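Student: My questions will all concern the structure given below.
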There are 2 protein chains.
Amino acid sequence: MTQMGRPREFDTDQALDRAMEVFWRHGYEGASLADLTAAMGINKPSLYAAYGSKESLFRKVVARYADVEMAYARSALDQPTAREVAAALLRDNVVALTRPDRPAGCLSVQGGTACSTANAAISQFLAASRQAGEQAIAARFARAVDERDLPPDADPTALARFLSVVTEGHAVHAAAGAHRGQLEQSAEIALRAFTAAAYSVRAAR
Amino acid sequence: MTQMGRPREFDTDQALDRAMEVFWRHGYEGASLADLTAAMGINKPSLYAAYGSKESLFRKVVARYADVEMAYARSALDQPTAREVAAALLRDNVVALTRPDRPAGCLSVQGGTACSTANAAISQFLAASRQAGEQAIAARFARAVDERDLPPDADPTALARFLSVVTEGHAVHAAAGAHRGQLEQSAEIALRAFTAAAYSVRAAR
DNA sequence: ACAGTTCTGTACCGAGCGGTACACAACAAG
DNA sequence: CTTGTTGTGTACCGCTCGGTACAGAACTGT
């Protein structure tokens, strides 16, 4: 059986990308249904039939964002050493935050660090997804300790947190208009910090 | 002449503090007039008579925030050396972001990194105020170069930007629920990075 | 006492919000 | 050609938004 009823007249993934750009630029609450439907080229009933609700659409957008726009982060974790992981992460993050064909900054931060009480679930959801990324990095660094890449008293959690902090700071800065070269300078400083803290013992304490 | 007409029945600065807490927690757009008036203990006409509009109230709140809640930043600039400036800034910032009697995070970031098109001026205003802070730090570091505290090829602008990035990242993290001790670890790593980048020549490049 | 001024509370405004009812159009199955 | 199913467009829902008109209360100056 192929599919009954009238066929959908738009591509759901393509419309999701249009919605992503709107949420990315204006945040969850700053993006109105009128903005979204205009960008997606559909009407409200089509949106609700295909995605359920504004919140459900947003969650689908964030999932797609993680899949597509954050792919660099997963491949950074494949680098052979912790130092190279950090270097790839910091550098590719700066590139992703300042792509001329994308809104500046990061959907996960722009989406809503603060929300009205009614939408508290949104900011919690975004915070949780950022923390999941941080924990993935921490797990990678824990592996590096096991592999004798990092010294035994290195703190994978603290190192991952530091990298996460820097990328979030870069996201705020990029959204405010910082240029790629400016963030690259900052990333280099952070990378030196990471190396010192990770590989020299007395660092963490 | 004292003051004509019916006297105001509330303290405008105290009400401003109540409004600050609401904006701090929910951002500019996430804070409704109903939330604000309830927290301030006044009615809408009193709010409009005393502060002009929601946007005008927010700007007054941000000004007060800079005066009161960011006083630590100004006194950090009075430290004798660049390293001590950075250390005081990072550490006091972490304390300010995680005060148990204040909302977590930073009003300037929580206020609105992203806004609807109608309120684009708000996020621009906040970004500009953050950049003003960054430039004050850069100016302090430029003085440190003049004073032979920092080496002649240190980059005051890049160093200030790095510190600004870390504090913004800490603000995002704190708003997401990070504890003070966790951010202190991150601040220590950042401080080592700062010292290395600032005081050793080949660092910046 | 009275006028002029300023603040307070109620009750309201138009506009935009997220979300939906409904009639109709486009397809698959029989 | 009919029937069942699903998407589309219009037109609308109740609600909340930021902001205000207005009447009365509380004060100062004469």
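Here's how to read the names in the structure tokens: chain A, B, ... by the order shown, residue numbers from 1 in each chain, ligand numbers from 1 in the order shown.
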Excluding DA3 in chain C and any residue of its chain fewer than 4 positions from it, enumerate the residues within 12 Å of it, using only C-alpha atoms (C1' of nucleotides), and give them as a list in words.
Tutor: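 Final neighbour list, sorted by chain and number: DT28, DG29 and DT30 of chain D.
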Student: Go ahead and save the residues from that selection, with N, CA and C atoms (P, O5', C5', C4', C3', O3' and C1' of nucleotides), as a compact mmCIF listing (two decimals), in the first residue's frame.
Tutor:
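Output (out.txt):
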# COMPACT_ATOMS: atom_id res chain seq x y z
P DT D 28 1.42 67.81 51.08
O5' DT D 28 1.30 68.79 49.84
C5' DT D 28 2.22 68.67 48.74
C4' DT D 28 2.18 69.95 47.89
C3' DT D 28 2.45 71.23 48.69
O3' DT D 28 3.31 72.09 47.96
C1' DT D 28 0.29 71.33 47.66
P DG D 29 3.72 73.50 48.54
O5' DG D 29 2.64 74.48 47.86
C5' DG D 29 2.55 74.53 46.43
C4' DG D 29 1.60 75.65 46.02
C3' DG D 29 1.79 76.99 46.77
O3' DG D 29 1.57 78.05 45.85
C1' DG D 29 -0.42 76.18 47.14
P DT D 30 1.66 79.63 46.35
O5' DT D 30 0.15 80.05 46.51
C5' DT D 30 -0.72 80.09 45.36
C4' DT D 30 -2.09 80.61 45.78
C3' DT D 30 -2.04 81.89 46.63
O3' DT D 30 -2.94 82.85 46.12
C1' DT D 30 -3.40 80.25 47.66
Student: Residues of chain B within 10 Å of chain C, counting only C-alpha atoms (C1' of nucleotides), what are they? List them as a list in words.
Tutor: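 Filtering chain B at 10 Å from chain C with only C-alpha atoms (C1' of nucleotides) gives Gln3, Met4, Gly5, Arg6, Pro7, Arg8, Glu9, Ile42, Asn43, Lys44, Pro45, Ser46, Ala49 and Ala50 of chain B.
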Student: What's around Arg161 in chain A at 9 Å? Count only C-alpha atoms (C1' of nucleotides), leave out sequence neighbours fewer than 2 positions away in its own chain, and write the answer as a count of residues only.
Tutor: 18
Student: Measuring atom to atom with only C-alpha atoms (C1' of nucleotides), identify which of B:Trp24, B:Tyr65, B:Tyr48, B:Phe162 is nearest to chain D.
Tutor: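 Nearest candidate to chain D out of B:Trp24, B:Tyr65, B:Tyr48, B:Phe162: B:Tyr48.
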Student: Output, as a short mmCIF file (atom, residue, chain, number, x, y, z; two decimals) with C-alpha atoms, in the first residue's frame, the coordinates of chain B following least-squares superposition onto chain A across all in-order C-alpha pairs.
Tutor:
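In the end it all went to selection-v7.cif:
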data_model
loop_
_atom_site.label_atom_id
_atom_site.label_comp_id
_atom_site.auth_asym_id
_atom_site.auth_seq_id
_atom_site.Cartn_x
_atom_site.Cartn_y
_atom_site.Cartn_z
CA MET B 1 0.17 0.11 -0.20
CA THR B 2 1.64 3.47 -1.11
CA GLN B 3 -0.41 6.07 0.75
CA MET B 4 -4.09 6.83 0.90
CA GLY B 5 -5.76 10.20 0.60
CA ARG B 6 -4.56 13.46 -0.86
CA PRO B 7 -0.78 13.61 -1.10
CA ARG B 8 1.07 16.24 0.91
CA GLU B 9 2.12 19.15 -1.29
CA PHE B 10 5.35 20.05 0.51
CA ASP B 11 8.50 18.26 1.62
CA THR B 12 8.38 17.86 5.38
CA ASP B 13 12.16 17.91 5.85
CA GLN B 14 12.60 20.94 3.63
CA ALA B 15 9.87 22.77 5.55
CA LEU B 16 11.60 21.73 8.77
CA ASP B 17 14.74 23.46 7.53
CA ARG B 18 12.79 26.63 6.87
CA ALA B 19 11.31 26.46 10.36
CA MET B 20 14.79 25.84 11.79
CA GLU B 21 16.03 29.10 10.39
CA VAL B 22 13.15 31.02 11.98
CA PHE B 23 13.61 29.42 15.41
CA TRP B 24 17.36 29.85 15.13
CA ARG B 25 17.02 33.56 14.48
CA HIS B 26 14.18 34.44 16.84
CA GLY B 27 14.08 31.75 19.49
CA TYR B 28 11.11 29.60 20.42
CA GLU B 29 8.89 32.33 21.80
CA GLY B 30 10.08 34.99 19.38
CA ALA B 31 9.01 32.84 16.41
CA SER B 32 5.28 33.20 15.79
CA LEU B 33 3.16 30.74 13.85
CA ALA B 34 2.69 33.46 11.24
CA ASP B 35 6.50 33.72 10.85
CA LEU B 36 6.85 29.96 10.67
CA THR B 37 4.08 29.27 8.18
CA ALA B 38 5.28 32.14 5.97
CA ALA B 39 8.83 30.75 5.92
CA MET B 40 7.66 27.18 5.43
CA GLY B 41 5.26 28.14 2.65
CA ILE B 42 2.31 26.33 4.20
CA ASN B 43 -0.82 27.17 6.19
CA LYS B 44 -1.40 26.52 9.85
CA PRO B 45 -3.62 23.44 9.46
CA SER B 46 -0.92 21.81 7.32
CA LEU B 47 1.65 22.58 9.97
CA TYR B 48 -0.50 21.09 12.73
CA ALA B 49 -1.34 18.03 10.67
CA ALA B 50 2.32 17.36 9.87
CA TYR B 51 4.02 18.29 13.16
CA GLY B 52 1.37 18.35 15.88
CA SER B 53 1.97 21.67 17.60
CA LYS B 54 4.43 24.53 17.82
CA GLU B 55 6.31 22.81 20.63
CA SER B 56 6.36 19.49 18.80
CA LEU B 57 7.60 21.24 15.65
CA PHE B 58 10.36 22.86 17.67
CA ARG B 59 11.48 19.55 19.12
CA LYS B 60 11.60 18.03 15.65
CA VAL B 61 13.61 21.03 14.48
CA VAL B 62 16.07 20.62 17.33
CA ALA B 63 16.43 16.92 16.55
CA ARG B 64 17.16 17.73 12.93
CA TYR B 65 19.54 20.46 14.03
CA ALA B 66 21.46 17.96 16.14
CA ASP B 67 21.55 15.50 13.24
CA VAL B 68 22.60 17.87 10.49
CA GLU B 69 24.12 21.03 11.94
CA MET B 70 25.97 19.40 14.82
CA ALA B 71 27.41 16.49 12.87
CA TYR B 72 30.80 18.13 13.27
CA ALA B 73 30.63 17.53 17.02
CA ARG B 74 30.15 13.80 16.62
CA SER B 75 32.96 13.46 14.15
CA ALA B 76 35.20 15.55 16.43
CA LEU B 77 34.81 12.82 19.03
CA ASP B 78 36.37 10.38 16.58
CA GLN B 79 39.73 12.14 16.69
CA PRO B 80 42.46 9.86 18.10
CA THR B 81 43.53 11.98 21.08
CA ALA B 82 41.76 14.20 23.60
CA ARG B 83 43.72 17.19 22.41
CA GLU B 84 42.68 16.63 18.84
CA VAL B 85 39.09 16.12 19.95
CA ALA B 86 39.16 19.49 21.72
CA ALA B 87 40.87 21.20 18.80
CA ALA B 88 38.39 19.88 16.24
CA LEU B 89 35.46 20.69 18.50
CA LEU B 90 36.50 24.27 19.16
CA ARG B 91 37.47 25.06 15.60
CA ASP B 92 34.52 23.40 13.88
CA ASN B 93 32.19 24.97 16.39
CA VAL B 94 33.43 28.43 15.48
CA VAL B 95 32.92 27.67 11.81
CA ALA B 96 29.40 26.38 12.46
CA LEU B 97 28.50 29.47 14.48
CA THR B 98 29.57 31.85 11.74
CA ARG B 99 28.42 30.25 8.52
CA PRO B 100 27.31 32.98 6.13
CA ASP B 101 24.43 30.83 4.89
CA ARG B 102 23.05 30.24 8.39
CA PRO B 103 21.81 32.48 11.20
CA ALA B 104 24.66 33.48 13.50
CA GLY B 105 25.01 31.51 16.69
CA CYS B 106 23.54 28.25 17.89
CA LEU B 107 19.91 27.16 17.86
CA SER B 108 20.31 25.48 21.22
CA VAL B 109 21.30 28.77 22.87
CA GLN B 110 19.29 31.17 20.73
CA GLY B 111 16.28 28.92 21.07
CA GLY B 112 15.63 30.08 24.57
CA THR B 113 17.84 30.33 27.63
CA ALA B 114 14.94 32.12 29.32
CA CYS B 115 11.25 31.60 28.67
CA SER B 116 7.91 32.58 30.11
CA THR B 117 6.62 30.32 32.88
CA ALA B 118 4.25 28.73 30.38
CA ASN B 119 7.20 27.58 28.25
CA ALA B 120 9.63 26.58 30.99
CA ALA B 121 9.75 23.13 29.42
CA ILE B 122 11.44 24.56 26.33
CA SER B 123 14.45 26.02 28.09
CA GLN B 124 14.75 22.90 30.20
CA PHE B 125 14.66 20.75 27.08
CA LEU B 126 17.41 22.81 25.44
CA ALA B 127 19.51 22.78 28.58
CA ALA B 128 19.16 19.01 28.80
CA SER B 129 20.20 18.55 25.19
CA ARG B 130 23.27 20.73 25.71
CA GLN B 131 24.15 18.72 28.80
CA ALA B 132 23.82 15.50 26.85
CA GLY B 133 26.42 16.84 24.44
CA GLU B 134 28.68 17.78 27.32
CA GLN B 135 28.38 14.30 28.77
CA ALA B 136 29.28 12.74 25.44
CA ILE B 137 32.49 14.76 25.49
CA ALA B 138 33.15 13.75 29.10
CA ALA B 139 32.71 10.11 28.16
CA ARG B 140 35.18 10.54 25.32
CA PHE B 141 37.73 12.04 27.72
CA ALA B 142 37.14 9.27 30.22
CA ARG B 143 38.06 6.87 27.42
CA ALA B 144 41.19 8.93 26.83
CA VAL B 145 42.15 8.36 30.45
CA ASP B 146 41.61 4.63 30.04
CA GLU B 147 43.76 4.69 26.92
CA ARG B 148 46.60 6.46 28.78
CA ASP B 149 46.13 9.42 26.43
CA LEU B 150 45.15 11.66 29.35
CA PRO B 151 46.89 11.29 32.74
CA PRO B 152 45.03 9.26 35.37
CA ASP B 153 44.16 12.29 37.49
CA ALA B 154 42.71 14.34 34.64
CA ASP B 155 39.11 15.32 35.26
CA PRO B 156 37.07 14.38 32.16
CA THR B 157 33.94 16.04 33.51
CA ALA B 158 35.62 19.37 34.26
CA LEU B 159 37.40 19.38 30.92
CA ALA B 160 34.18 18.69 29.04
CA ARG B 161 32.43 21.40 31.00
CA PHE B 162 35.11 23.91 30.11
CA LEU B 163 34.79 23.17 26.41
CA SER B 164 31.03 23.36 26.66
CA VAL B 165 31.27 26.74 28.40
CA VAL B 166 33.53 28.12 25.69
CA THR B 167 31.31 26.94 22.86
CA GLU B 168 28.26 28.46 24.58
CA GLY B 169 30.11 31.72 25.07
CA HIS B 170 31.08 31.67 21.42
CA ALA B 171 27.43 31.12 20.52
CA VAL B 172 26.38 34.20 22.47
CA HIS B 173 29.18 36.20 20.94
CA ALA B 174 28.44 35.03 17.41
CA ALA B 175 24.77 35.88 17.75
CA ALA B 176 25.85 39.36 18.81
CA GLY B 177 27.76 39.74 15.57
CA ALA B 178 31.28 38.54 16.33
CA HIS B 179 33.29 37.60 13.25
CA ARG B 180 34.81 34.22 12.61
CA GLY B 181 38.37 35.44 12.99
CA GLN B 182 37.61 36.94 16.37
CA LEU B 183 36.17 33.70 17.66
CA GLU B 184 39.07 31.74 16.21
CA GLN B 185 41.45 33.79 18.35
CA SER B 186 39.37 32.97 21.38
CA ALA B 187 39.23 29.30 20.46
CA GLU B 188 43.01 29.15 20.21
CA ILE B 189 43.37 30.58 23.70
CA ALA B 190 40.84 28.09 24.99
CA LEU B 191 42.65 25.24 23.29
CA ARG B 192 45.92 26.12 24.99
CA ALA B 193 44.03 26.20 28.30
CA PHE B 194 42.55 22.82 27.60
CA THR B 195 45.89 21.27 26.77
CA ALA B 196 47.52 22.66 29.90
CA ALA B 197 44.66 21.60 32.16
CA ALA B 198 44.30 18.16 30.62
CA TYR B 199 47.87 17.03 30.23
CA SER B 200 49.72 18.56 33.19
CA VAL B 201 48.79 17.02 36.50
CA ARG B 202 48.67 19.91 38.95
CA ALA B 203 46.50 21.72 36.40
CA ALA B 204 43.06 20.71 37.56
CA ARG B 205 43.77 21.64 41.10
#
Student: Just list as JSON, numbers by chain whatever in range 33-109 of chain B DSSP marks as alpha helix (DSSP H).
Tutor: {"B": [33, 34, 35, 36, 37, 38, 39, 40, 44, 45, 46, 47, 48, 49, 50, 51, 54, 55, 56, 57, 58, 59, 60, 61, 62, 63, 64, 65, 66, 67, 68, 71, 72, 73, 74, 75, 76, 82, 83, 84, 85, 86, 87, 88, 89, 90, 91, 92, 93, 94, 95, 96, 97, 107, 108, 109]}
Student: Counting only C-alpha atoms (C1' of nucleotides), which residues of chain D fall within 7 Å of chain A, and what is the closest atom pair for each with its distance in Å at one decimal, ordered by chain and rising number, as CSV?
Tutor:
residue,atom,partner,partner_atom,distance
D:DT5,C1',A:Gly5,CA,4.6
D:DT6,C1',A:Gly5,CA,4.1
D:DG7,C1',A:Arg6,CA,5.4
